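Structure file entry24.pdb (PDB, C-alpha atoms) follows.
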```pdb
ATOM      1  CA  MET V 267       0.000   0.000   0.000
ATOM      2  CA  SER V 268       1.562   3.285  -1.047
ATOM      3  CA  ILE V 269       1.659   6.435   1.026
ATOM      4  CA  ALA V 270      -0.528   8.286  -1.478
ATOM      5  CA  SER V 271      -3.279   5.681  -1.237
ATOM      6  CA  VAL V 272      -3.369   5.889   2.556
ATOM      7  CA  TYR V 273      -3.790   9.647   2.815
ATOM      8  CA  ALA V 274      -3.696  12.788   0.705
ATOM      9  CA  VAL V 275       0.047  13.569   0.775
ATOM     10  CA  THR V 276       1.854  12.318  -2.315
ATOM     11  CA  GLN V 277       5.413  11.089  -2.750
ATOM     12  CA  ASP V 278       6.034  14.161  -4.926
ATOM     13  CA  GLU V 279       4.973  16.436  -2.049
ATOM     14  CA  LEU V 280       7.238  14.537   0.339
ATOM     15  CA  ASN V 281      10.111  14.963  -2.141
ATOM     16  CA  GLN V 282       9.341  18.699  -2.405
ATOM     17  CA  ALA V 283       9.328  18.976   1.386
ATOM     18  CA  LYS V 284      12.673  17.166   1.653
ATOM     19  CA  ALA V 285      14.149  19.518  -0.970
ATOM     20  CA  LEU V 286      12.866  22.556   0.954
ATOM     21  CA  ILE V 287      14.324  21.242   4.211
ATOM     22  CA  ASP V 288      17.664  20.433   2.566
ATOM     23  CA  SER V 289      17.790  23.926   1.010
ATOM     24  CA  ASN V 290      17.780  25.547   4.484
ATOM     25  CA  ILE V 291      15.412  28.213   3.185
ATOM     26  CA  SER V 292      14.455  30.883   5.701
ATOM     27  CA  CYS V 293      11.096  30.317   7.406
ATOM     28  CA  ASN V 294       9.824  33.765   6.478
ATOM     29  CA  GLN V 295      10.184  32.808   2.795
ATOM     30  CA  LEU V 296       7.961  29.732   3.119
ATOM     31  CA  THR V 297       4.257  29.730   2.287
ATOM     32  CA  ASN V 298       1.700  27.981   4.493
ATOM     33  CA  ASP V 299       1.364  25.280   1.810
ATOM     34  CA  GLN V 300       5.111  24.657   1.964
ATOM     35  CA  LEU V 301       5.078  24.650   5.766
ATOM     36  CA  GLU V 302       2.194  22.161   5.679
ATOM     37  CA  ILE V 303       3.914  19.659   3.348
ATOM     38  CA  MET V 304       7.101  19.974   5.398
ATOM     39  CA  GLY V 305       5.040  19.095   8.478
ATOM     40  CA  GLU V 306       3.612  16.095   6.607
ATOM     41  CA  TYR V 307       7.183  15.082   5.775
ATOM     42  CA  TYR V 308       8.338  15.379   9.396
ATOM     43  CA  MET V 309       5.357  13.389  10.638
ATOM     44  CA  GLU V 310       5.903  10.748   7.949
ATOM     45  CA  GLN V 311       9.516  10.386   9.106
ATOM     46  CA  MET V 312       8.414   9.914  12.725
ATOM     47  CA  MET V 313       5.347   7.759  11.971
ATOM     48  CA  PRO V 314       5.502   6.240   8.483
ATOM     49  CA  GLY V 315       2.487   5.081   6.493
ATOM     50  CA  GLU V 316      -0.366   3.628   8.492
ATOM     51  CA  ALA V 317       1.048   4.916  11.809
ATOM     52  CA  HIS V 318       0.735   8.463  10.421
ATOM     53  CA  VAL V 319      -2.921   7.830   9.598
ATOM     54  CA  ARG V 320      -3.610   6.283  13.015
ATOM     55  CA  ALA V 321      -1.971   9.250  14.749
ATOM     56  CA  HIS V 322      -4.310  11.582  12.845
ATOM     57  CA  GLN V 323      -7.302   9.471  13.849
ATOM     58  CA  MET V 324      -6.206   9.373  17.478
ATOM     59  CA  MET V 325      -5.970  13.163  17.546
ATOM     60  CA  GLY V 326      -9.326  13.568  15.808
ATOM     61  CA  LEU V 327      -7.780  15.078  12.682
ATOM     62  CA  THR V 328      -9.629  14.740   9.391
ATOM     63  CA  GLU V 329      -7.500  14.673   6.240
ATOM     64  CA  GLY V 330      -7.641  18.035   4.492
ATOM     65  CA  SER V 331      -9.271  19.811   7.444
ATOM     66  CA  GLU V 332      -8.045  23.176   8.649
ATOM     67  CA  ALA V 333      -7.035  21.632  11.990
ATOM     68  CA  GLU V 334      -4.945  18.953  10.243
ATOM     69  CA  GLU V 335      -3.218  21.547   8.057
ATOM     70  CA  GLN V 336      -2.546  23.798  11.058
ATOM     71  CA  PHE V 337      -1.146  20.819  12.966
ATOM     72  CA  HIS V 338       1.446  20.220  10.229
ATOM     73  CA  ILE V 339       2.233  23.942   9.869
ATOM     74  CA  ASN V 340       2.832  24.224  13.615
ATOM     75  CA  MET V 341       4.957  21.069  13.569
ATOM     76  CA  THR V 342       7.199  22.651  10.921
ATOM     77  CA  LYS V 343       7.365  25.928  12.821
ATOM     78  CA  ARG V 344       8.526  24.035  15.912
ATOM     79  CA  ILE V 345      10.956  21.616  14.253
ATOM     80  CA  TYR V 346      12.327  23.560  11.277
ATOM     81  CA  CYS V 347      11.875  27.175  12.355
ATOM     82  CA  GLY V 348      12.482  26.648  16.061
ATOM     83  CA  GLU V 349       9.418  28.704  16.946
ATOM     84  CA  ASN V 350       7.432  28.191  20.109
ATOM     85  CA  VAL V 351       3.969  28.401  18.561
ATOM     86  CA  GLY V 352       1.131  28.853  21.046
ATOM     87  CA  GLY V 353      -1.603  26.382  21.818
ATOM     88  CA  GLY V 354       0.531  23.309  21.284
ATOM     89  CA  MET V 355       0.983  21.852  17.833
ATOM     90  CA  MET V 356      -2.699  22.288  17.142
ATOM     91  CA  GLY V 357      -2.616  26.079  17.253
ATOM     92  CA  ASN V 358      -4.743  28.337  19.396
ATOM     93  CA  ASN V 359      -7.990  27.616  17.542
ATOM     94  CA  TYR V 360      -7.706  23.840  17.775
ATOM     95  CA  TYR V 361      -9.107  23.553  21.282
ATOM     96  CA  GLN V 362     -11.556  26.417  20.824
ATOM     97  CA  ASN V 363     -13.396  24.836  17.892
ATOM     98  CA  SER V 364     -16.850  23.918  19.201
ATOM     99  CA  GLN V 365     -18.662  22.660  16.096
ATOM    100  CA  ASN V 366     -18.441  18.971  17.057
ATOM    101  CA  ASN V 367     -18.523  18.342  20.789
ATOM    102  CA  ASN V 368     -17.802  14.616  20.396
ATOM    103  CA  SER V 369     -14.404  15.113  18.763
ATOM    104  CA  TYR V 370     -10.988  15.089  20.418
ATOM    105  CA  GLN V 371     -10.583  18.493  18.776
ATOM    106  CA  ASN V 372     -13.007  20.065  21.201
ATOM    107  CA  ASN V 373     -11.646  19.069  24.550
ATOM    108  CA  SER V 374      -8.398  19.503  26.394
ATOM    109  CA  PHE V 375      -7.294  15.903  25.968
ATOM    110  CA  GLY V 376      -5.813  15.946  22.410
ATOM    111  CA  PHE V 377      -2.241  14.886  22.972
ATOM    112  CA  GLN V 378      -2.700  14.186  26.678
ATOM    113  CA  VAL V 379      -4.713  11.019  26.036
ATOM    114  CA  PHE V 380      -1.982   9.666  23.774
ATOM    115  CA  PHE V 381       0.768  10.378  26.286
ATOM    116  CA  TYR V 382      -1.206   9.005  29.254
ATOM    117  CA  VAL V 383      -1.871   5.765  27.370
ATOM    118  CA  LEU V 384       1.805   5.578  26.454
ATOM    119  CA  LEU V 385       2.814   6.246  30.069
ATOM    120  CA  VAL V 386       0.488   3.517  31.374
ATOM    121  CA  LEU V 387       1.912   1.030  28.855
ATOM    122  CA  VAL V 388       5.483   1.865  29.879
ATOM    123  CA  VAL V 389       4.643   1.442  33.579
ATOM    124  CA  ILE V 390       2.941  -1.910  32.918
ATOM    125  CA  ILE V 391       5.941  -3.141  30.930
ATOM    126  CA  LEU V 392       8.347  -2.040  33.676
ATOM    127  CA  VAL V 393       6.286  -3.806  36.356
ATOM    128  CA  LEU V 394       6.236  -7.003  34.270
ATOM    129  CA  ILE V 395      10.007  -6.844  33.778
ATOM    130  CA  ILE V 396      10.554  -6.378  37.511
ATOM    131  CA  LEU V 397       8.232  -9.313  38.306
ATOM    132  CA  LEU V 398      10.090 -11.520  35.818
ATOM    133  CA  LEU V 399      13.451 -10.587  37.324
ATOM    134  CA  VAL V 400      12.238 -11.234  40.871
ATOM    135  CA  ASN V 401      10.811 -14.591  39.779
ATOM    136  CA  LYS V 402      14.097 -15.578  38.082
ATOM    137  CA  LEU V 403      16.106 -14.543  41.130
ATOM    138  CA  LYS V 404      13.867 -16.657  43.388
ATOM    139  CA  LYS V 405      14.300 -19.698  41.132
ATOM    140  CA  HIS V 406      18.075 -19.285  40.906
ATOM    141  CA  GLY V 407      18.356 -18.497  44.624
ATOM    142  CA  GLY V 408      16.548 -21.742  45.555
ATOM    143  CA  LYS V 409      18.941 -23.954  43.510
ATOM    144  CA  LYS V 410      22.081 -22.977  45.449
TER     145      LYS V 410
END
```

Structure translated into structure tokens:
Amino acid sequence: MSIASVYAVTQDELNQAKALIDSNISCNQLTNDQLEIMGEYYMEQMMPGEAHVRAHQMMGLTEGSEAEEQFHINMTKRIYCGENVGGGMMGNNYYQNSQNNNSYQNNSFGFQVFFYVLLVLVVIILVLIILLLVNKLKKHGGKK
């Protein structure tokens, strides 16, 4: 399954974004469209293919929506431009949008849910590792 078939960004756009990044062009010379495809590129590097799509779904982003575009623009401003854009990666309007009250976009959980789930998984894995080590030590301690 190709990247283009999974979501709207094309390989050509990813190549354009890579060329822009490699050119070290100044941020004030970039258009919002260029910032957006660069954000798509960065996200694709961090979460390739289906993981990119799932991340969008988890954050309540709809492909082609203003919130999704702003997310990628803000990502580029943070990573490439080194800016500290307000309102997190979603921009100031992301959490203030109140058209769909059942969406992640309209509550304060956005990224927090993802990170809390990740934190819980890490804690569970650490506890399991500790239990395994204790169990192994008991077995080896009893054989002496």

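Between CA of Gly305 (chain V) and CA of Phe380 (chain V) the separation is 19.3 Å.
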
- Message: For this structure, which residues satisfy the selection - the PyMOL selection byres ((chain V and resi 339) around 7) - when it is evaluated on the file as given? I want them as JSON, numbers by chain.
- Response: {"V": [298, 301, 302, 305, 335, 336, 337, 338, 340, 341, 342, 343]}

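The gap separating CA of Gly326 (chain V) from CA of Gly348 (chain V) is 25.4 Å, in Å to one decimal.
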
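Matched in the shown structure by the PyMOL selection byres ((chain V and resi 291-294) around 8): Leu286, Ile287, Ser289, Asn290, Gln295, Leu296, Lys343, Tyr346 and Cys347 of chain V.
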
- Write out as a PyMOL selection string each polymer residue whose atoms come within 9 Å of Glu279 (chain V), counting only C-alpha atoms; drop sequence neighbours fewer than 4 positions from it. chain V and resi 275+283-284+303-304+306-307

Take the residues from that selection and write them out as a PDB file, keeping the file's coordinate frame, keeping C-alpha atoms.
```
ATOM      1  CA  VAL V 275       0.047  13.569   0.775  1.00  0.00           C
ATOM      2  CA  ALA V 283       9.328  18.976   1.386  1.00  0.00           C
ATOM      3  CA  LYS V 284      12.673  17.166   1.653  1.00  0.00           C
ATOM      4  CA  ILE V 303       3.914  19.659   3.348  1.00  0.00           C
ATOM      5  CA  MET V 304       7.101  19.974   5.398  1.00  0.00           C
ATOM      6  CA  GLU V 306       3.612  16.095   6.607  1.00  0.00           C
ATOM      7  CA  TYR V 307       7.183  15.082   5.775  1.00  0.00           C
TER       8      TYR V 307
END
```
